[in-house]
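Before any comments, here is the structure.
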Amino acid sequence: MFFCLLCHGLTPPLQDLCHHCAQDMPWNQHCCERCAEPWPDPFEGLCQQCIQEEPHYDQCFAPFLYQFPIDQLILQGKGGKRAELLFSLGRLLAAQLQAQQVTRPDIIVPVPLHPNKQRERGFNQAGVIATLVGRKLGIPVSHNLIIKVREPKQQKSLSRSGRQHNMTRAFRIQRTVLQSLPYPVQHIALLDDVITTGSTLNQLAKQLRSSGVERVDGWALARAAKRNVAMPSSPI
Ligand SMILES: [Zn+2]
Ligand SMILES: [Zn+2]
């Protein structure tokens, strides 16, 4: 028996949402092809920001808007009150990656927390989701390829250039880990729970590329919108 995450009704086998709740989810249906920034209307191509300054990553995939109820599920999951929600969210993301036939990377790397934060929380939500997604899709996951060595200032109050500068030196790529993997890694998917401004992803993609990785994609459950985006109807 499988029960819906939201209404607790019965769902089809191996699914975490019933058909009605899946239809009501805030799907990130119209968005920039590069950074997944949501768009209110049907849209193809790149947003203004990606046209002005090409990101270091190749493509972002975030199936949901960071709105109700997905924002609440993520917050409850990472807050630890309902940590088991992270497993359901990982399955949801894996199902969408499969449904959209997203290009498979050689390896999935979760965006790390600072060790102090991880000790405090007891786990890294992106790491839990990445483990689930890797298992479902049969892709290896590395939890120690990137380490966070410095906690940057709150990003919200900073300008775009200030955010990029703030992120510099926050993360370190462990080249020895990259070199010790038993297979060549040319394509990495960085996984986070939410993409807010895209600055973290951009910085990590820049560092990974300078370590010799050819392609870096960003995978997340949800993408925050700069502007108000109306909830689109479901693609299912
Ligand atoms: Zn339901
Ligand atoms: Zn864009």
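Residues are named by chain letter and number: chains run A, B, ... in the order of the structure tokens, numbers start at 1 in each chain, and ligands are numbered from 1 in the order shown.
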Residue list (strand (DSSP E or B), DSSP) for stretch 91-129 of chain A, as an mmCIF file with C-alpha atoms, in the first residue's frame:
data_model
loop_
_atom_site.group_PDB
_atom_site.id
_atom_site.type_symbol
_atom_site.label_atom_id
_atom_site.label_comp_id
_atom_site.auth_asym_id
_atom_site.auth_seq_id
_atom_site.Cartn_x
_atom_site.Cartn_y
_atom_site.Cartn_z
ATOM 1 C CA ILE A 107 28.308 11.112 -10.941
ATOM 2 C CA ILE A 108 25.928 13.018 -8.644
ATOM 3 C CA VAL A 109 27.454 15.373 -6.080
ATOM 4 C CA PRO A 110 25.258 16.919 -3.361
#
- Please write out the residues within 8 Å of ligand 1 as an MDAnalysis selection string, counting only C-alpha atoms and all ligand atoms. chainID A and resid 3:11 17:22
Would you put the residues from that selection into a file with N, CA and C atoms, as a tab-separated table (two decimals), in the first residue's frame?
chain	number	residue	atom	x	y	z
A	3	PHE	N	0.83	5.53	0.22
A	3	PHE	CA	-0.04	6.64	0.62
A	3	PHE	C	0.52	7.97	0.15
A	4	CYS	N	-0.39	8.87	-0.21
A	4	CYS	CA	-0.02	10.19	-0.73
A	4	CYS	C	0.61	11.03	0.39
A	5	LEU	N	1.72	11.67	0.04
A	5	LEU	CA	2.43	12.56	0.96
A	5	LEU	C	1.56	13.67	1.52
A	6	LEU	N	0.63	14.14	0.70
A	6	LEU	CA	-0.13	15.33	1.07
A	6	LEU	C	-1.50	15.01	1.66
A	7	CYS	N	-2.30	14.15	0.99
A	7	CYS	CA	-3.67	13.91	1.49
A	7	CYS	C	-3.78	12.57	2.20
A	8	HIS	N	-2.70	11.78	2.20
A	8	HIS	CA	-2.64	10.45	2.83
A	8	HIS	C	-3.60	9.45	2.20
A	9	GLY	N	-4.14	9.78	1.02
A	9	GLY	CA	-4.98	8.82	0.30
A	9	GLY	C	-4.10	7.79	-0.40
A	10	LEU	N	-4.73	6.76	-0.97
A	10	LEU	CA	-3.97	5.71	-1.66
A	10	LEU	C	-3.41	6.26	-2.97
A	11	THR	N	-2.19	5.79	-3.30
A	11	THR	CA	-1.58	6.21	-4.56
A	11	THR	C	-1.31	4.97	-5.41
A	17	LEU	N	2.64	10.62	-4.59
A	17	LEU	CA	1.52	11.57	-4.68
A	17	LEU	C	0.36	10.90	-5.41
A	18	CYS	N	-0.87	11.19	-4.93
A	18	CYS	CA	-2.03	10.69	-5.66
A	18	CYS	C	-2.21	11.59	-6.90
A	19	HIS	N	-3.06	11.15	-7.80
A	19	HIS	CA	-3.23	11.87	-9.06
A	19	HIS	C	-3.68	13.32	-8.83
A	20	HIS	N	-4.62	13.50	-7.88
A	20	HIS	CA	-5.16	14.86	-7.63
A	20	HIS	C	-4.09	15.78	-7.07
A	21	CYS	N	-3.34	15.29	-6.08
A	21	CYS	CA	-2.30	16.13	-5.46
A	21	CYS	C	-1.19	16.41	-6.47
A	22	ALA	N	-0.87	15.42	-7.32
A	22	ALA	CA	0.17	15.65	-8.35
A	22	ALA	C	-0.27	16.78	-9.28
- Find the spatial neighbours of stretch 171-180 of chain A, counting only C-alpha atoms, within a cut-off of 10 Å - ignore same-chain residues fewer than 4 positions away - and output them as a ChimeraX atom specification. /A:111-114,142,144-152,167,184-185,200,203-204,207-208,210-213
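Ranking A:Gln101, A:Asn28, A:Glu53, A:Lys117 by their shortest atom-to-atom distance to ligand 2, with only C-alpha atoms and all ligand atoms included, puts A:Glu53 first.
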Using only C-alpha atoms and all ligand atoms, which residues of chain A come within 12 Å of ligand 2, and what is the closest atom pair for each, with the distance in Å to one decimal? Give it as a Markdown table, sorted by chain and residue number.
| residue | atom | partner | partner_atom_place_in_ligand_line | distance |
| --- | --- | --- | --- | --- |
| A:His30 | CA | ligand 2 | 1 (Zn) | 11.5 |
| A:Cys31 | CA | ligand 2 | 1 (Zn) | 7.8 |
| A:Cys32 | CA | ligand 2 | 1 (Zn) | 4.6 |
| A:Glu33 | CA | ligand 2 | 1 (Zn) | 6.6 |
| A:Arg34 | CA | ligand 2 | 1 (Zn) | 5.0 |
| A:Cys35 | CA | ligand 2 | 1 (Zn) | 4.1 |
| A:Ala36 | CA | ligand 2 | 1 (Zn) | 6.1 |
| A:Glu37 | CA | ligand 2 | 1 (Zn) | 5.6 |
| A:Pro38 | CA | ligand 2 | 1 (Zn) | 8.8 |
| A:Trp39 | CA | ligand 2 | 1 (Zn) | 9.9 |
| A:Phe43 | CA | ligand 2 | 1 (Zn) | 11.4 |
| A:Glu44 | CA | ligand 2 | 1 (Zn) | 10.7 |
| A:Gly45 | CA | ligand 2 | 1 (Zn) | 8.4 |
| A:Leu46 | CA | ligand 2 | 1 (Zn) | 5.1 |
| A:Cys47 | CA | ligand 2 | 1 (Zn) | 4.1 |
| A:Gln48 | CA | ligand 2 | 1 (Zn) | 6.7 |
| A:Gln49 | CA | ligand 2 | 1 (Zn) | 5.7 |
| A:Cys50 | CA | ligand 2 | 1 (Zn) | 4.3 |
| A:Ile51 | CA | ligand 2 | 1 (Zn) | 7.4 |
| A:Gln52 | CA | ligand 2 | 1 (Zn) | 9.5 |
| A:Glu53 | CA | ligand 2 | 1 (Zn) | 9.3 |
| A:Glu54 | CA | ligand 2 | 1 (Zn) | 8.6 |
| A:Pro55 | CA | ligand 2 | 1 (Zn) | 8.2 |
| A:His56 | CA | ligand 2 | 1 (Zn) | 11.6 |
| A:Tyr57 | CA | ligand 2 | 1 (Zn) | 10.8 |
| A:Asp58 | CA | ligand 2 | 1 (Zn) | 10.6 |
| A:Gln59 | CA | ligand 2 | 1 (Zn) | 9.2 |
| A:Cys60 | CA | ligand 2 | 1 (Zn) | 9.0 |
| A:Phe61 | CA | ligand 2 | 1 (Zn) | 11.5 |
| A:Thr197 | CA | ligand 2 | 1 (Zn) | 10.6 |
| A:Gly198 | CA | ligand 2 | 1 (Zn) | 9.4 |
| A:Asn202 | CA | ligand 2 | 1 (Zn) | 11.6 |
| A:Arg223 | CA | ligand 2 | 1 (Zn) | 11.6 |
| A:Ala225 | CA | ligand 2 | 1 (Zn) | 11.4 |
| A:Lys226 | CA | ligand 2 | 1 (Zn) | 11.5 |
- Message: Taking 4 positions as the minimum chain separation for residues in the same chain, which residues sit within 10 Å of stretch 79-85 of chain A when counting only C-alpha atoms? Answer as a PyMOL selection string.
- Response: chain A and resi 5+73-75+89-91+121-123+125+128-129
Members of stretch 47-230 of chain A assigned alpha helix (DSSP H) by DSSP, as a tab-separated table (two decimals) with C-alpha atoms, in the first residue's frame:
chain	number	residue	atom	x	y	z
A	48	GLN	CA	17.80	37.93	-19.74
A	49	GLN	CA	20.33	37.14	-17.04
A	50	CYS	CA	21.67	34.05	-18.86
A	51	ILE	CA	21.87	36.04	-22.11
A	52	GLN	CA	23.81	38.84	-20.41
A	70	ILE	CA	6.67	21.75	-1.80
A	71	ASP	CA	8.34	24.50	0.29
A	72	GLN	CA	6.66	23.13	3.43
A	73	LEU	CA	7.66	19.53	2.63
A	74	ILE	CA	11.29	20.58	2.14
A	75	LEU	CA	11.34	22.69	5.32
A	76	GLN	CA	9.78	19.91	7.41
A	77	GLY	CA	12.19	17.37	5.89
A	78	LYS	CA	15.35	19.35	6.52
A	79	GLY	CA	14.15	20.73	9.82
A	85	LEU	CA	10.01	13.29	3.90
A	86	LEU	CA	13.44	13.69	2.28
A	87	PHE	CA	13.21	10.08	1.04
A	88	SER	CA	9.85	10.82	-0.61
A	89	LEU	CA	11.22	14.04	-2.09
A	90	GLY	CA	14.21	12.13	-3.47
A	91	ARG	CA	11.87	9.62	-5.12
A	92	LEU	CA	9.79	12.47	-6.57
A	93	LEU	CA	12.87	14.13	-8.05
A	94	ALA	CA	14.16	10.82	-9.46
A	95	ALA	CA	10.78	10.14	-11.07
A	96	GLN	CA	10.78	13.56	-12.75
A	97	LEU	CA	14.39	13.19	-13.93
A	98	GLN	CA	13.39	9.90	-15.51
A	99	ALA	CA	10.16	11.24	-16.98
A	115	PRO	CA	30.71	20.74	8.73
A	116	ASN	CA	29.47	22.79	11.75
A	117	LYS	CA	26.00	23.10	10.23
A	118	GLN	CA	25.92	19.41	9.31
A	119	ARG	CA	26.93	18.45	12.86
A	120	GLU	CA	24.16	20.66	14.23
A	121	ARG	CA	21.52	19.28	11.86
A	125	GLN	CA	19.39	17.23	3.20
A	126	ALA	CA	20.96	17.45	-0.29
A	127	GLY	CA	23.05	14.37	0.56
A	128	VAL	CA	19.98	12.37	1.62
A	129	ILE	CA	18.09	13.33	-1.54
A	130	ALA	CA	21.18	12.63	-3.71
A	131	THR	CA	21.55	9.13	-2.20
A	132	LEU	CA	17.92	8.35	-3.07
A	133	VAL	CA	18.18	9.77	-6.59
A	134	GLY	CA	21.46	7.94	-7.23
A	135	ARG	CA	20.00	4.65	-6.05
A	136	LYS	CA	16.84	5.07	-8.17
A	137	LEU	CA	18.73	6.07	-11.33
A	160	ARG	CA	24.66	39.79	-7.98
A	161	SER	CA	28.40	40.55	-8.18
A	162	GLY	CA	28.54	40.68	-4.39
A	163	ARG	CA	26.96	37.22	-4.22
A	164	GLN	CA	29.54	35.77	-6.60
A	165	HIS	CA	32.38	37.34	-4.65
A	166	ASN	CA	30.87	36.09	-1.39
A	167	MET	CA	30.79	32.52	-2.71
A	175	ARG	CA	40.99	16.93	-6.64
A	176	THR	CA	42.44	13.80	-5.04
A	177	VAL	CA	38.89	12.43	-4.67
A	178	LEU	CA	38.15	13.30	-8.31
A	179	GLN	CA	41.34	11.58	-9.46
A	180	SER	CA	40.84	8.51	-7.28
A	199	SER	CA	25.04	31.67	-7.22
A	200	THR	CA	26.18	28.56	-5.32
A	201	LEU	CA	25.64	26.37	-8.35
A	202	ASN	CA	27.45	28.82	-10.61
A	203	GLN	CA	30.45	29.06	-8.31
A	204	LEU	CA	30.73	25.29	-7.91
A	205	ALA	CA	30.39	24.76	-11.66
A	206	LYS	CA	33.19	27.26	-12.23
A	207	GLN	CA	35.48	25.44	-9.78
A	208	LEU	CA	34.63	21.99	-11.16
A	209	ARG	CA	35.31	23.15	-14.71
A	210	SER	CA	38.69	24.49	-13.73
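Separating atom CA of A:Phe64 from atom CA of A:Pro26 is a distance of 5.6 Å.
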- Rank A:Gln186, A:Lys153, A:Asp41, A:Phe2 by their smallest atom-to-atom distance to A:Ala170, using only C-alpha atoms, and report the top residue only. A:Lys153
- Using only C-alpha atoms, which of A:Leu191, A:Ala222, A:Leu158, A:His143 sits nearest A:Phe68? A:Ala222
